[in-house]
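Asker: Data file structure.pdb (PDB, C-alpha atoms) is appended below.
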```pdb
ATOM      1  CA  LEU A 152      13.063  56.577 -29.145
ATOM      2  CA  ALA A 153      16.540  55.571 -30.311
ATOM      3  CA  THR A 154      14.928  53.344 -32.927
ATOM      4  CA  ILE A 155      12.430  56.013 -34.025
ATOM      5  CA  PHE A 156      15.095  58.699 -34.422
ATOM      6  CA  ASN A 157      17.622  56.227 -35.811
ATOM      7  CA  LEU A 158      20.187  56.835 -33.062
ATOM      8  CA  ALA A 159      22.435  53.883 -33.829
ATOM      9  CA  GLY A 160      24.943  54.523 -31.057
ATOM     10  CA  VAL A 161      22.337  54.845 -28.324
ATOM     11  CA  ARG A 162      20.539  51.764 -29.637
ATOM     12  CA  TYR A 163      23.778  49.744 -29.535
ATOM     13  CA  ILE A 164      24.515  50.824 -25.951
ATOM     14  CA  PHE A 165      21.019  49.948 -24.705
ATOM     15  CA  SER A 166      20.962  46.551 -26.450
ATOM     16  CA  GLY A 167      24.187  45.672 -24.636
ATOM     17  CA  LEU A 168      22.752  46.862 -21.334
ATOM     18  CA  PHE A 169      19.641  44.686 -21.794
ATOM     19  CA  LYS A 170      21.760  41.580 -22.391
ATOM     20  CA  ILE A 171      23.946  42.269 -19.382
ATOM     21  CA  GLY A 172      20.910  43.213 -17.286
ATOM     22  CA  ALA A 173      19.088  39.971 -18.097
ATOM     23  CA  LEU A 174      22.151  37.940 -17.130
ATOM     24  CA  ALA A 175      22.587  40.002 -13.959
ATOM     25  CA  LEU A 176      18.965  39.396 -12.949
ATOM     26  CA  VAL A 177      19.402  35.638 -13.374
ATOM     27  CA  ILE A 178      22.570  35.695 -11.226
ATOM     28  CA  ILE A 179      21.105  37.959  -8.536
ATOM     29  CA  PHE A 180      17.786  36.157  -8.227
ATOM     30  CA  GLN A 181      19.135  32.638  -8.752
ATOM     31  CA  PRO A 182      17.919  31.291  -5.338
ATOM     32  CA  GLU A 183      14.427  32.711  -5.850
ATOM     33  CA  ILE A 184      14.208  31.329  -9.386
ATOM     34  CA  ARG A 185      15.363  27.909  -8.190
ATOM     35  CA  ASP A 186      12.785  27.887  -5.386
ATOM     36  CA  PHE A 187      10.046  28.890  -7.808
ATOM     37  CA  LEU A 188      10.954  26.100 -10.242
ATOM     38  CA  GLU A 189      11.122  23.552  -7.403
ATOM     39  CA  LYS A 190       7.679  24.581  -6.155
ATOM     40  CA  LEU A 191       6.311  24.468  -9.691
ATOM     41  CA  GLY A 192       7.704  20.971 -10.222
ATOM     42  CA  SER A 193       6.573  19.607  -6.864
ATOM     43  CA  GLY A 194       3.122  21.112  -7.394
ATOM     44  CA  SER A 195       2.774  19.230 -10.667
ATOM     45  CA  ILE A 196       3.887  16.005  -9.010
ATOM     46  CA  LYS A 197       1.479  16.526  -6.117
ATOM     47  CA  SER A 198      -1.395  17.133  -8.485
ATOM     48  CA  ILE A 199      -0.599  13.913 -10.359
ATOM     49  CA  SER A 200      -0.211  11.934  -7.126
ATOM     50  CA  GLY A 201      -3.438  13.515  -5.868
ATOM     51  CA  LEU A 202      -5.304  12.120  -8.865
ATOM     52  CA  ALA A 203      -3.793   8.695  -8.190
ATOM     53  CA  ASP A 204      -4.786   8.851  -4.511
ATOM     54  CA  LYS A 205      -8.324   9.789  -5.515
ATOM     55  CA  GLY A 206      -8.542   6.758  -7.782
ATOM     56  CA  ASN A 207      -7.097   4.472  -5.098
ATOM     57  CA  LYS A 208      -9.576   5.733  -2.490
ATOM     58  CA  LYS A 209     -12.496   5.159  -4.828
ATOM     59  CA  GLN A 210     -11.319   1.619  -5.560
ATOM     60  CA  LEU A 211     -10.898   1.029  -1.822
ATOM     61  CA  HIS A 212     -14.502   2.111  -1.215
ATOM     62  CA  TYR A 213     -15.706  -0.293  -3.912
ATOM     63  CA  ASN A 214     -13.766  -3.160  -2.316
ATOM     64  CA  VAL A 215     -15.192  -2.316   1.114
ATOM     65  CA  VAL A 216     -18.767  -2.329  -0.216
ATOM     66  CA  ASP A 217     -18.271  -5.599  -2.092
ATOM     67  CA  ASN A 218     -16.791  -7.354   0.962
ATOM     68  CA  ILE A 219     -19.577  -6.090   3.210
ATOM     69  CA  CYS A 220     -22.234  -7.342   0.781
ATOM     70  CA  LYS A 221     -20.572 -10.767   0.477
ATOM     71  CA  ALA A 222     -20.455 -11.110   4.257
ATOM     72  CA  VAL A 223     -24.019  -9.861   4.741
ATOM     73  CA  GLN A 224     -25.338 -12.294   2.151
ATOM     74  CA  ILE A 225     -23.948 -15.295   4.042
ATOM     75  CA  LEU A 226     -24.868 -13.887   7.460
ATOM     76  CA  SER A 227     -28.428 -13.385   6.221
ATOM     77  CA  LEU A 228     -28.685 -16.934   4.844
ATOM     78  CA  GLU A 229     -27.406 -18.315   8.168
ATOM     79  CA  SER A 230     -29.595 -15.921  10.230
ATOM     80  CA  THR A 231     -26.526 -14.661  12.061
ATOM     81  CA  GLY A 232     -27.095 -11.273  13.665
ATOM     82  CA  ALA A 233     -24.806  -8.453  12.563
ATOM     83  CA  LEU A 234     -24.418  -4.708  13.046
ATOM     84  CA  ILE A 235     -22.054  -2.845  10.696
ATOM     85  CA  VAL A 236     -21.495   0.912  10.962
ATOM     86  CA  MET A 237     -19.958   2.907   8.104
ATOM     87  CA  GLU A 238     -18.643   6.260   9.320
ATOM     88  CA  ARG A 239     -19.172   9.260   7.073
ATOM     89  CA  ALA A 240     -18.657  12.968   7.886
ATOM     90  CA  ILE A 241     -19.476  12.850  11.608
ATOM     91  CA  LYS A 242     -16.670  11.168  13.552
ATOM     92  CA  LEU A 243     -17.552   8.211  15.774
ATOM     93  CA  ASP A 244     -14.534   8.250  18.110
ATOM     94  CA  GLU A 245     -16.685   7.862  21.236
ATOM     95  CA  ILE A 246     -18.482   4.853  19.768
ATOM     96  CA  ILE A 247     -15.177   3.298  18.672
ATOM     97  CA  GLY A 248     -13.848   3.809  22.190
ATOM     98  CA  THR A 249     -16.512   1.487  23.608
ATOM     99  CA  GLY A 250     -15.287  -1.475  21.549
ATOM    100  CA  THR A 251     -12.132  -3.465  20.878
ATOM    101  CA  PRO A 252      -9.680  -1.755  18.478
ATOM    102  CA  LEU A 253      -8.811  -3.822  15.391
ATOM    103  CA  ASN A 254      -7.497  -1.538  12.599
ATOM    104  CA  ALA A 255      -7.940  -4.336  10.071
ATOM    105  CA  ASP A 256      -8.730  -4.577   6.372
ATOM    106  CA  VAL A 257     -12.386  -5.101   5.534
ATOM    107  CA  SER A 258     -12.848  -8.665   4.302
ATOM    108  CA  ASP A 259     -15.984 -10.781   4.111
ATOM    109  CA  SER A 260     -14.320 -13.654   6.003
ATOM    110  CA  LEU A 261     -13.242 -11.394   8.877
ATOM    111  CA  LEU A 262     -16.713  -9.882   9.184
ATOM    112  CA  ARG A 263     -18.299 -13.344   9.259
ATOM    113  CA  ASN A 264     -15.829 -14.496  11.901
ATOM    114  CA  ILE A 265     -16.502 -11.436  14.064
ATOM    115  CA  PHE A 266     -20.276 -12.017  14.043
ATOM    116  CA  TYR A 267     -20.099 -15.780  14.510
ATOM    117  CA  ASN A 268     -22.338 -16.280  17.535
ATOM    118  CA  ARG A 269     -19.620 -17.962  19.589
ATOM    119  CA  ALA A 270     -16.937 -15.403  18.768
ATOM    120  CA  PRO A 271     -15.935 -13.091  21.639
ATOM    121  CA  LEU A 272     -16.620  -9.902  19.635
ATOM    122  CA  HIS A 273     -19.953 -10.840  18.045
ATOM    123  CA  ASP A 274     -22.094  -8.893  20.515
ATOM    124  CA  GLY A 275     -21.996  -5.265  19.397
ATOM    125  CA  ALA A 276     -21.215  -3.285  16.255
ATOM    126  CA  VAL A 277     -18.312  -3.220  13.853
ATOM    127  CA  VAL A 278     -17.299   0.341  12.937
ATOM    128  CA  ILE A 279     -15.640   0.937   9.548
ATOM    129  CA  VAL A 280     -13.582   4.111   9.113
ATOM    130  CA  ASP A 281     -11.669   5.099   5.949
ATOM    131  CA  GLY A 282     -11.970   1.639   4.463
ATOM    132  CA  ARG A 283     -10.757  -0.242   7.557
ATOM    133  CA  ILE A 284     -12.388  -1.957  10.514
ATOM    134  CA  ALA A 285     -11.571   0.448  13.332
ATOM    135  CA  ALA A 286     -13.164  -1.580  16.142
ATOM    136  CA  ALA A 287     -15.590  -4.381  16.925
ATOM    137  CA  SER A 288     -18.030  -5.085  19.772
ATOM    138  CA  CYS A 289     -18.890  -1.374  19.954
ATOM    139  CA  ILE A 290     -21.884  -0.197  21.951
ATOM    140  CA  LEU A 291     -24.402   1.998  20.129
ATOM    141  CA  PRO A 292     -26.874   4.359  21.836
ATOM    142  CA  LEU A 293     -30.540   3.418  22.011
ATOM    143  CA  PRO A 294     -33.044   5.747  20.297
ATOM    144  CA  LYS A 295     -34.566   8.625  22.234
ATOM    145  CA  ARG A 296     -37.813   8.524  20.270
ATOM    146  CA  ILE A 297     -40.617   6.695  22.055
ATOM    147  CA  GLU A 298     -42.482   5.826  18.847
ATOM    148  CA  VAL A 299     -39.907   3.257  17.710
ATOM    149  CA  ASP A 300     -41.569  -0.091  16.957
ATOM    150  CA  SER A 301     -41.497  -2.111  20.174
ATOM    151  CA  GLU A 302     -41.136  -5.332  18.181
ATOM    152  CA  LEU A 303     -37.676  -4.317  16.983
ATOM    153  CA  GLY A 304     -34.751  -6.052  18.648
ATOM    154  CA  THR A 305     -31.786  -4.435  20.357
ATOM    155  CA  ARG A 306     -29.667  -4.379  17.185
ATOM    156  CA  HIS A 307     -32.275  -2.522  15.177
ATOM    157  CA  ARG A 308     -32.990  -0.086  17.986
ATOM    158  CA  ALA A 309     -29.280   0.605  18.465
ATOM    159  CA  ALA A 310     -28.893   1.212  14.719
ATOM    160  CA  ILE A 311     -31.756   3.732  14.789
ATOM    161  CA  GLY A 312     -30.250   5.360  17.882
ATOM    162  CA  LEU A 313     -26.909   5.952  16.174
ATOM    163  CA  GLY A 314     -28.731   7.351  13.161
ATOM    164  CA  GLU A 315     -30.334   9.981  15.380
ATOM    165  CA  ILE A 316     -26.955  11.467  16.375
ATOM    166  CA  SER A 317     -24.796  10.865  13.296
ATOM    167  CA  ASP A 318     -24.864  10.566   9.510
ATOM    168  CA  ALA A 319     -23.449   7.026   9.564
ATOM    169  CA  ILE A 320     -24.919   4.230   7.470
ATOM    170  CA  VAL A 321     -25.770   1.264   9.709
ATOM    171  CA  ILE A 322     -26.392  -2.202   8.252
ATOM    172  CA  VAL A 323     -28.369  -4.670  10.358
ATOM    173  CA  VAL A 324     -28.868  -8.401   9.843
ATOM    174  CA  SER A 325     -31.668  -9.867  11.950
ATOM    175  CA  GLU A 326     -30.735 -12.892  14.044
ATOM    176  CA  GLU A 327     -34.332 -14.116  14.024
ATOM    177  CA  THR A 328     -35.257 -13.710  10.345
ATOM    178  CA  GLY A 329     -32.045 -12.943   8.450
ATOM    179  CA  VAL A 330     -33.680  -9.783   7.067
ATOM    180  CA  ILE A 331     -31.182  -7.123   5.924
ATOM    181  CA  SER A 332     -31.969  -3.545   6.977
ATOM    182  CA  ILE A 333     -30.339  -0.128   6.842
ATOM    183  CA  ALA A 334     -30.705   2.554   9.487
ATOM    184  CA  ARG A 335     -29.913   6.112   8.525
ATOM    185  CA  GLU A 336     -30.899   9.465   9.997
ATOM    186  CA  GLY A 337     -33.115   7.759  12.557
ATOM    187  CA  GLN A 338     -35.095   5.801   9.945
ATOM    188  CA  LEU A 339     -35.026   2.045   9.337
ATOM    189  CA  THR A 340     -35.458   0.592   5.840
ATOM    190  CA  ARG A 341     -35.918  -3.185   5.726
ATOM    191  CA  HIS A 342     -35.876  -6.112   3.307
ATOM    192  CA  PHE A 343     -32.740  -5.361   1.307
ATOM    193  CA  THR A 344     -31.290  -8.064  -0.894
ATOM    194  CA  PRO A 345     -27.495  -8.362  -1.225
ATOM    195  CA  GLU A 346     -27.742  -6.801  -4.687
ATOM    196  CA  SER A 347     -30.004  -3.918  -3.661
ATOM    197  CA  LEU A 348     -27.705  -3.342  -0.670
ATOM    198  CA  ARG A 349     -24.708  -3.124  -3.000
ATOM    199  CA  LYS A 350     -26.498  -0.630  -5.253
ATOM    200  CA  TYR A 351     -27.556   1.454  -2.237
ATOM    201  CA  LEU A 352     -24.058   1.590  -0.737
ATOM    202  CA  ARG A 353     -22.448   2.399  -4.075
ATOM    203  CA  ARG A 354     -24.894   5.242  -4.590
ATOM    204  CA  GLU A 355     -25.108   6.650  -1.077
ATOM    205  CA  PHE A 356     -21.660   5.859   0.349
ATOM    206  CA  ILE A 357     -19.154   5.746  -2.510
ATOM    207  CA  HIS A 358     -20.697   8.708  -4.345
ATOM    208  CA  ASP A 359     -20.733  10.828  -1.173
ATOM    209  CA  ARG A 360     -17.199   9.828  -0.167
ATOM    210  CA  THR A 361     -15.863  10.595  -3.650
ATOM    211  CA  ASN A 362     -17.457  14.045  -3.582
ATOM    212  CA  GLU A 363     -16.076  14.646  -0.079
ATOM    213  CA  ASP A 364     -12.542  13.679  -1.195
ATOM    214  CA  GLU A 365     -12.800  16.017  -4.182
ATOM    215  CA  ASN A 366     -14.008  18.879  -1.961
ATOM    216  CA  ASN A 367     -11.156  18.263   0.473
TER     217      ASN A 367
END
```
What is this structure when it is put down as C-alpha cells?
Answerer:
Amino acid sequence: LATIFNLAGVRYIFSGLFKIGALALVIIFQPEIRDFLEKLGSGSIKSISGLADKGNKKQLHYNVVDNICKAVQILSLESTGALIVMERAIKLDEIIGTGTPLNADVSDSLLRNIFYNRAPLHDGAVVIVDGRIAAASCILPLPKRIEVDSELGTRHRAAIGLGEISDAIVIVVSEETGVISIAREGQLTRHFTPESLRKYLRREFIHDRTNEDENN
C-alpha cells in the first residue's frame, strides 16, 4: 500500500524493519537452521553412500555365485557330494544352529575343502547368508511329501525338504553321478551344467536380492 500510494516515509520504515527482521530471524532460529542444514547434508551423504553400498552388495552376490559355480564344477567332475543352501527372504537360523558356525568368505577352495569326503564337515549342508558361509555340516529336514522319488538319495531329499518350508535355493551335487541339481519350493530340477547354473543363480538369486535391497 505504501508503494501504491507513494508513501515514501512509510516505505522507508518498513524496508528497514524487513532487513532487521530477517537478521533477527537468523539469530533467533540459528540452532534450528544449523540442525536443518546438518540433516540436509548428512542425508545427501547417506544417499550417496547408500548407492555405493548397493553396488558393493551386487558385486558381492556376483562373486558368491561365481565361486559357488567354480566349486560345483570341480565337485561334479570328481563326483564329490555337496549340498549348498543360499538363504533368501526366509531366515534359516534354526538350520544354521544344527551345524558348525564358520562366518567365512565364500570361496571355491573353501567349499571344495568342506565337501572333501574325508573332511570333518563334509556330511551336511553349507548355508550361505548375506554373501558369507554362516555354517557347515547343517542338518536339513526331510520332505513330508510321500510321492518323492524313492531313488533319490538323502542329499536330494533333504534339499527338497528344505524347499518345502523356505524360499532358499539349494544346490545339490550327486556323489554317485556328479549330476548338478537345484531344489526350490519343494521341486527338484536336475542336470545343470556349471554355465546354466551360473545363469540360473544370476537370474533368480542376484536379481531377487538386488530388488530386495532396493525395496529395503
Asker: Quick one: residues within 8 Å of A:Met237, only C-alpha atoms, excluding same-chain residues fewer than 3 positions away - as a PyMOL selection string?
Answerer: chain A and resi 278-280+319-321
Asker: Mind dumping the selected residues with C-alpha atoms as an mmCIF file, in the frame of the given file?
Answerer:
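And here is the file that came out, part_5.cif:
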```
data_model
loop_
_atom_site.group_PDB
_atom_site.id
_atom_site.type_symbol
_atom_site.label_atom_id
_atom_site.label_comp_id
_atom_site.auth_asym_id
_atom_site.auth_seq_id
_atom_site.Cartn_x
_atom_site.Cartn_y
_atom_site.Cartn_z
ATOM 1 C CA VAL A 278 -17.299 0.341 12.937
ATOM 2 C CA ILE A 279 -15.640 0.937 9.548
ATOM 3 C CA VAL A 280 -13.582 4.111 9.113
ATOM 4 C CA ALA A 319 -23.449 7.026 9.564
ATOM 5 C CA ILE A 320 -24.919 4.230 7.470
ATOM 6 C CA VAL A 321 -25.770 1.264 9.709
#
```
Asker: Which distance in Å separates atom CA of A:Arg306 and atom CA of A:Asp217, to one decimal?
Answerer: 22.4 Å
Asker: Using the chain letters and numbers from the file, which residues does the PyMOL selection byres ((chain A and resi 263) around 10) grab, as a PDB file with C-alpha atoms, keeping the file's coordinate frame?
Answerer:
```pdb
ATOM      1  CA  ILE A 219     -19.577  -6.090   3.210  1.00  0.00           C
ATOM      2  CA  LYS A 221     -20.572 -10.767   0.477  1.00  0.00           C
ATOM      3  CA  ALA A 222     -20.455 -11.110   4.257  1.00  0.00           C
ATOM      4  CA  VAL A 223     -24.019  -9.861   4.741  1.00  0.00           C
ATOM      5  CA  ILE A 225     -23.948 -15.295   4.042  1.00  0.00           C
ATOM      6  CA  LEU A 226     -24.868 -13.887   7.460  1.00  0.00           C
ATOM      7  CA  THR A 231     -26.526 -14.661  12.061  1.00  0.00           C
ATOM      8  CA  ALA A 233     -24.806  -8.453  12.563  1.00  0.00           C
ATOM      9  CA  SER A 258     -12.848  -8.665   4.302  1.00  0.00           C
ATOM     10  CA  ASP A 259     -15.984 -10.781   4.111  1.00  0.00           C
ATOM     11  CA  SER A 260     -14.320 -13.654   6.003  1.00  0.00           C
ATOM     12  CA  LEU A 261     -13.242 -11.394   8.877  1.00  0.00           C
ATOM     13  CA  LEU A 262     -16.713  -9.882   9.184  1.00  0.00           C
ATOM     14  CA  ASN A 264     -15.829 -14.496  11.901  1.00  0.00           C
ATOM     15  CA  ILE A 265     -16.502 -11.436  14.064  1.00  0.00           C
ATOM     16  CA  PHE A 266     -20.276 -12.017  14.043  1.00  0.00           C
ATOM     17  CA  TYR A 267     -20.099 -15.780  14.510  1.00  0.00           C
ATOM     18  CA  ASN A 268     -22.338 -16.280  17.535  1.00  0.00           C
ATOM     19  CA  ALA A 270     -16.937 -15.403  18.768  1.00  0.00           C
ATOM     20  CA  HIS A 273     -19.953 -10.840  18.045  1.00  0.00           C
TER      21      HIS A 273
END
```
Asker: Quote the spacing between atom CA of A:Ser317 and atom CA of A:Glu245 in Å to one decimal place.
Answerer: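 Taking atom CA of A:Ser317 as the start and atom CA of A:Glu245 as the end point, the length is 11.7 Å.
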Asker: Can you list what the PyMOL selection byres ((chain A and resi 310) around 9) grabs from this structure, as an mmCIF file with C-alpha atoms, in the frame of the given file?
Answerer:
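The resulting file, out26.cif, is shown below:
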```
data_model
loop_
_atom_site.group_PDB
_atom_site.id
_atom_site.type_symbol
_atom_site.label_atom_id
_atom_site.label_comp_id
_atom_site.auth_asym_id
_atom_site.auth_seq_id
_atom_site.Cartn_x
_atom_site.Cartn_y
_atom_site.Cartn_z
ATOM 1 C CA LEU A 234 -24.418 -4.708 13.046
ATOM 2 C CA ILE A 235 -22.054 -2.845 10.696
ATOM 3 C CA VAL A 236 -21.495 0.912 10.962
ATOM 4 C CA LEU A 291 -24.402 1.998 20.129
ATOM 5 C CA PRO A 292 -26.874 4.359 21.836
ATOM 6 C CA LEU A 293 -30.540 3.418 22.011
ATOM 7 C CA PRO A 294 -33.044 5.747 20.297
ATOM 8 C CA THR A 305 -31.786 -4.435 20.357
ATOM 9 C CA ARG A 306 -29.667 -4.379 17.185
ATOM 10 C CA HIS A 307 -32.275 -2.522 15.177
ATOM 11 C CA ARG A 308 -32.990 -0.086 17.986
ATOM 12 C CA ALA A 309 -29.280 0.605 18.465
ATOM 13 C CA ILE A 311 -31.756 3.732 14.789
ATOM 14 C CA GLY A 312 -30.250 5.360 17.882
ATOM 15 C CA LEU A 313 -26.909 5.952 16.174
ATOM 16 C CA GLY A 314 -28.731 7.351 13.161
ATOM 17 C CA GLU A 315 -30.334 9.981 15.380
ATOM 18 C CA ILE A 320 -24.919 4.230 7.470
ATOM 19 C CA VAL A 321 -25.770 1.264 9.709
ATOM 20 C CA ILE A 322 -26.392 -2.202 8.252
ATOM 21 C CA VAL A 323 -28.369 -4.670 10.358
ATOM 22 C CA ILE A 333 -30.339 -0.128 6.842
ATOM 23 C CA ALA A 334 -30.705 2.554 9.487
ATOM 24 C CA ARG A 335 -29.913 6.112 8.525
ATOM 25 C CA GLY A 337 -33.115 7.759 12.557
ATOM 26 C CA LEU A 339 -35.026 2.045 9.337
#
```
Asker: Quote the spacing between atom CA of A:Leu176 and atom CA of A:Val161 in Å to one decimal place.
Answerer: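 It comes out at 22.1 Å.
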Asker: Of the candidates A:Ala153, A:Val215, A:Leu253, A:Ile357, which one gets nearest to A:Gly282 if we count all atoms listed in the file?
Answerer: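 Looking at the shortest contact to A:Gly282, the residue is A:Val215.
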Asker: Can you list, as a ChimeraX atom specification, the residues that the PyMOL selection byres ((chain A and resi 341) around 8) selects here?
Answerer: /A:330-333,339-340,342-343
Asker: Nearest to A:Glu302 among A:Glu327, A:Leu168, A:Arg269, A:Ile241, with distances taken over only C-alpha atoms: which residue is it?
Answerer: A:Glu327
Asker: Kindly provide, as AutoDock Vina command-line options, the centre and edge lengths (Å, one decimal) of an axis-aligned box around all atoms of stretch 154-157 of chain A given in the file, with 4 Å on each side.
Answerer:
```
--center_x 15.0 --center_y 56.0 --center_z -34.4 --size_x 13.2 --size_y 13.4 --size_z 10.9
```
Asker: Please, could all heavy atoms be added to stretch 339-348 of chain A and the result written as a PDB file, keeping the file's coordinate frame?
Answerer:
```
ATOM      1  N   LEU A 339     -35.414   3.422   9.653  1.00  0.00           N
ATOM      2  CA  LEU A 339     -35.026   2.045   9.337  1.00  0.00           C
ATOM      3  C   LEU A 339     -35.720   1.595   8.063  1.00  0.00           C
ATOM      4  O   LEU A 339     -36.939   1.660   7.945  1.00  0.00           O
ATOM      5  CB  LEU A 339     -35.404   1.115  10.489  1.00  0.00           C
ATOM      6  CG  LEU A 339     -34.921  -0.336  10.364  1.00  0.00           C
ATOM      7  CD1 LEU A 339     -33.413  -0.413  10.534  1.00  0.00           C
ATOM      8  CD2 LEU A 339     -35.623  -1.218  11.397  1.00  0.00           C
ATOM      9  N   THR A 340     -34.927   1.137   7.098  1.00  0.00           N
ATOM     10  CA  THR A 340     -35.458   0.592   5.840  1.00  0.00           C
ATOM     11  C   THR A 340     -35.113  -0.886   5.804  1.00  0.00           C
ATOM     12  O   THR A 340     -33.935  -1.255   5.930  1.00  0.00           O
ATOM     13  CB  THR A 340     -34.859   1.303   4.623  1.00  0.00           C
ATOM     14  OG1 THR A 340     -35.047   2.708   4.749  1.00  0.00           O
ATOM     15  CG2 THR A 340     -35.510   0.813   3.340  1.00  0.00           C
ATOM     16  N   ARG A 341     -36.117  -1.739   5.602  1.00  0.00           N
ATOM     17  CA  ARG A 341     -35.918  -3.185   5.726  1.00  0.00           C
ATOM     18  C   ARG A 341     -36.027  -3.892   4.383  1.00  0.00           C
ATOM     19  O   ARG A 341     -36.352  -3.304   3.366  1.00  0.00           O
ATOM     20  CB  ARG A 341     -36.933  -3.759   6.720  1.00  0.00           C
ATOM     21  CG  ARG A 341     -37.002  -2.989   8.032  1.00  0.00           C
ATOM     22  CD  ARG A 341     -37.893  -3.649   9.037  1.00  0.00           C
ATOM     23  NE  ARG A 341     -37.297  -4.882   9.560  1.00  0.00           N
ATOM     24  CZ  ARG A 341     -37.895  -5.677  10.448  1.00  0.00           C
ATOM     25  NH1 ARG A 341     -39.103  -5.377  10.890  1.00  0.00           N
ATOM     26  NH2 ARG A 341     -37.296  -6.769  10.884  1.00  0.00           N
ATOM     27  N   HIS A 342     -35.712  -5.186   4.429  1.00  0.00           N
ATOM     28  CA  HIS A 342     -35.876  -6.112   3.307  1.00  0.00           C
ATOM     29  C   HIS A 342     -34.988  -5.752   2.115  1.00  0.00           C
ATOM     30  O   HIS A 342     -35.435  -5.733   0.970  1.00  0.00           O
ATOM     31  CB  HIS A 342     -37.348  -6.184   2.877  1.00  0.00           C
ATOM     32  CG  HIS A 342     -38.251  -6.652   3.971  1.00  0.00           C
ATOM     33  ND1 HIS A 342     -38.234  -7.936   4.469  1.00  0.00           N
ATOM     34  CD2 HIS A 342     -39.183  -5.971   4.699  1.00  0.00           C
ATOM     35  CE1 HIS A 342     -39.128  -8.050   5.436  1.00  0.00           C
ATOM     36  NE2 HIS A 342     -39.711  -6.874   5.602  1.00  0.00           N
ATOM     37  N   PHE A 343     -33.719  -5.489   2.382  1.00  0.00           N
ATOM     38  CA  PHE A 343     -32.740  -5.361   1.307  1.00  0.00           C
ATOM     39  C   PHE A 343     -32.300  -6.749   0.870  1.00  0.00           C
ATOM     40  O   PHE A 343     -32.229  -7.679   1.680  1.00  0.00           O
ATOM     41  CB  PHE A 343     -31.509  -4.584   1.783  1.00  0.00           C
ATOM     42  CG  PHE A 343     -31.674  -3.085   1.776  1.00  0.00           C
ATOM     43  CD1 PHE A 343     -32.229  -2.435   2.867  1.00  0.00           C
ATOM     44  CD2 PHE A 343     -31.258  -2.331   0.681  1.00  0.00           C
ATOM     45  CE1 PHE A 343     -32.378  -1.061   2.866  1.00  0.00           C
ATOM     46  CE2 PHE A 343     -31.401  -0.962   0.672  1.00  0.00           C
ATOM     47  CZ  PHE A 343     -31.962  -0.320   1.761  1.00  0.00           C
ATOM     48  N   THR A 344     -31.991  -6.877  -0.404  1.00  0.00           N
ATOM     49  CA  THR A 344     -31.290  -8.064  -0.894  1.00  0.00           C
ATOM     50  C   THR A 344     -29.806  -7.709  -0.978  1.00  0.00           C
ATOM     51  O   THR A 344     -29.450  -6.521  -0.953  1.00  0.00           O
ATOM     52  CB  THR A 344     -31.792  -8.462  -2.286  1.00  0.00           C
ATOM     53  OG1 THR A 344     -31.456  -7.416  -3.218  1.00  0.00           O
ATOM     54  CG2 THR A 344     -33.303  -8.674  -2.287  1.00  0.00           C
ATOM     55  N   PRO A 345     -28.917  -8.691  -1.077  1.00  0.00           N
ATOM     56  CA  PRO A 345     -27.495  -8.362  -1.225  1.00  0.00           C
ATOM     57  C   PRO A 345     -27.233  -7.433  -2.405  1.00  0.00           C
ATOM     58  O   PRO A 345     -26.391  -6.542  -2.324  1.00  0.00           O
ATOM     59  CB  PRO A 345     -26.827  -9.724  -1.413  1.00  0.00           C
ATOM     60  CG  PRO A 345     -27.727 -10.670  -0.677  1.00  0.00           C
ATOM     61  CD  PRO A 345     -29.119 -10.148  -0.907  1.00  0.00           C
ATOM     62  N   GLU A 346     -27.959  -7.638  -3.502  1.00  0.00           N
ATOM     63  CA  GLU A 346     -27.742  -6.801  -4.687  1.00  0.00           C
ATOM     64  C   GLU A 346     -28.271  -5.387  -4.477  1.00  0.00           C
ATOM     65  O   GLU A 346     -27.620  -4.404  -4.860  1.00  0.00           O
ATOM     66  CB  GLU A 346     -28.398  -7.435  -5.916  1.00  0.00           C
ATOM     67  CG  GLU A 346     -28.053  -6.735  -7.231  1.00  0.00           C
ATOM     68  CD  GLU A 346     -26.555  -6.615  -7.461  1.00  0.00           C
ATOM     69  OE1 GLU A 346     -25.809  -7.545  -7.116  1.00  0.00           O
ATOM     70  OE2 GLU A 346     -26.137  -5.549  -7.979  1.00  0.00           O
ATOM     71  N   SER A 347     -29.473  -5.261  -3.902  1.00  0.00           N
ATOM     72  CA  SER A 347     -30.004  -3.918  -3.661  1.00  0.00           C
ATOM     73  C   SER A 347     -29.177  -3.189  -2.600  1.00  0.00           C
ATOM     74  O   SER A 347     -29.031  -1.962  -2.643  1.00  0.00           O
ATOM     75  CB  SER A 347     -31.479  -3.983  -3.231  1.00  0.00           C
ATOM     76  OG  SER A 347     -31.628  -4.652  -1.994  1.00  0.00           O
ATOM     77  N   LEU A 348     -28.609  -3.941  -1.657  1.00  0.00           N
ATOM     78  CA  LEU A 348     -27.705  -3.342  -0.670  1.00  0.00           C
ATOM     79  C   LEU A 348     -26.463  -2.805  -1.348  1.00  0.00           C
ATOM     80  O   LEU A 348     -26.012  -1.686  -1.056  1.00  0.00           O
ATOM     81  CB  LEU A 348     -27.320  -4.383   0.381  1.00  0.00           C
ATOM     82  CG  LEU A 348     -26.302  -3.922   1.439  1.00  0.00           C
ATOM     83  CD1 LEU A 348     -26.891  -2.823   2.313  1.00  0.00           C
ATOM     84  CD2 LEU A 348     -25.835  -5.104   2.289  1.00  0.00           C
TER      85      LEU A 348
END
```
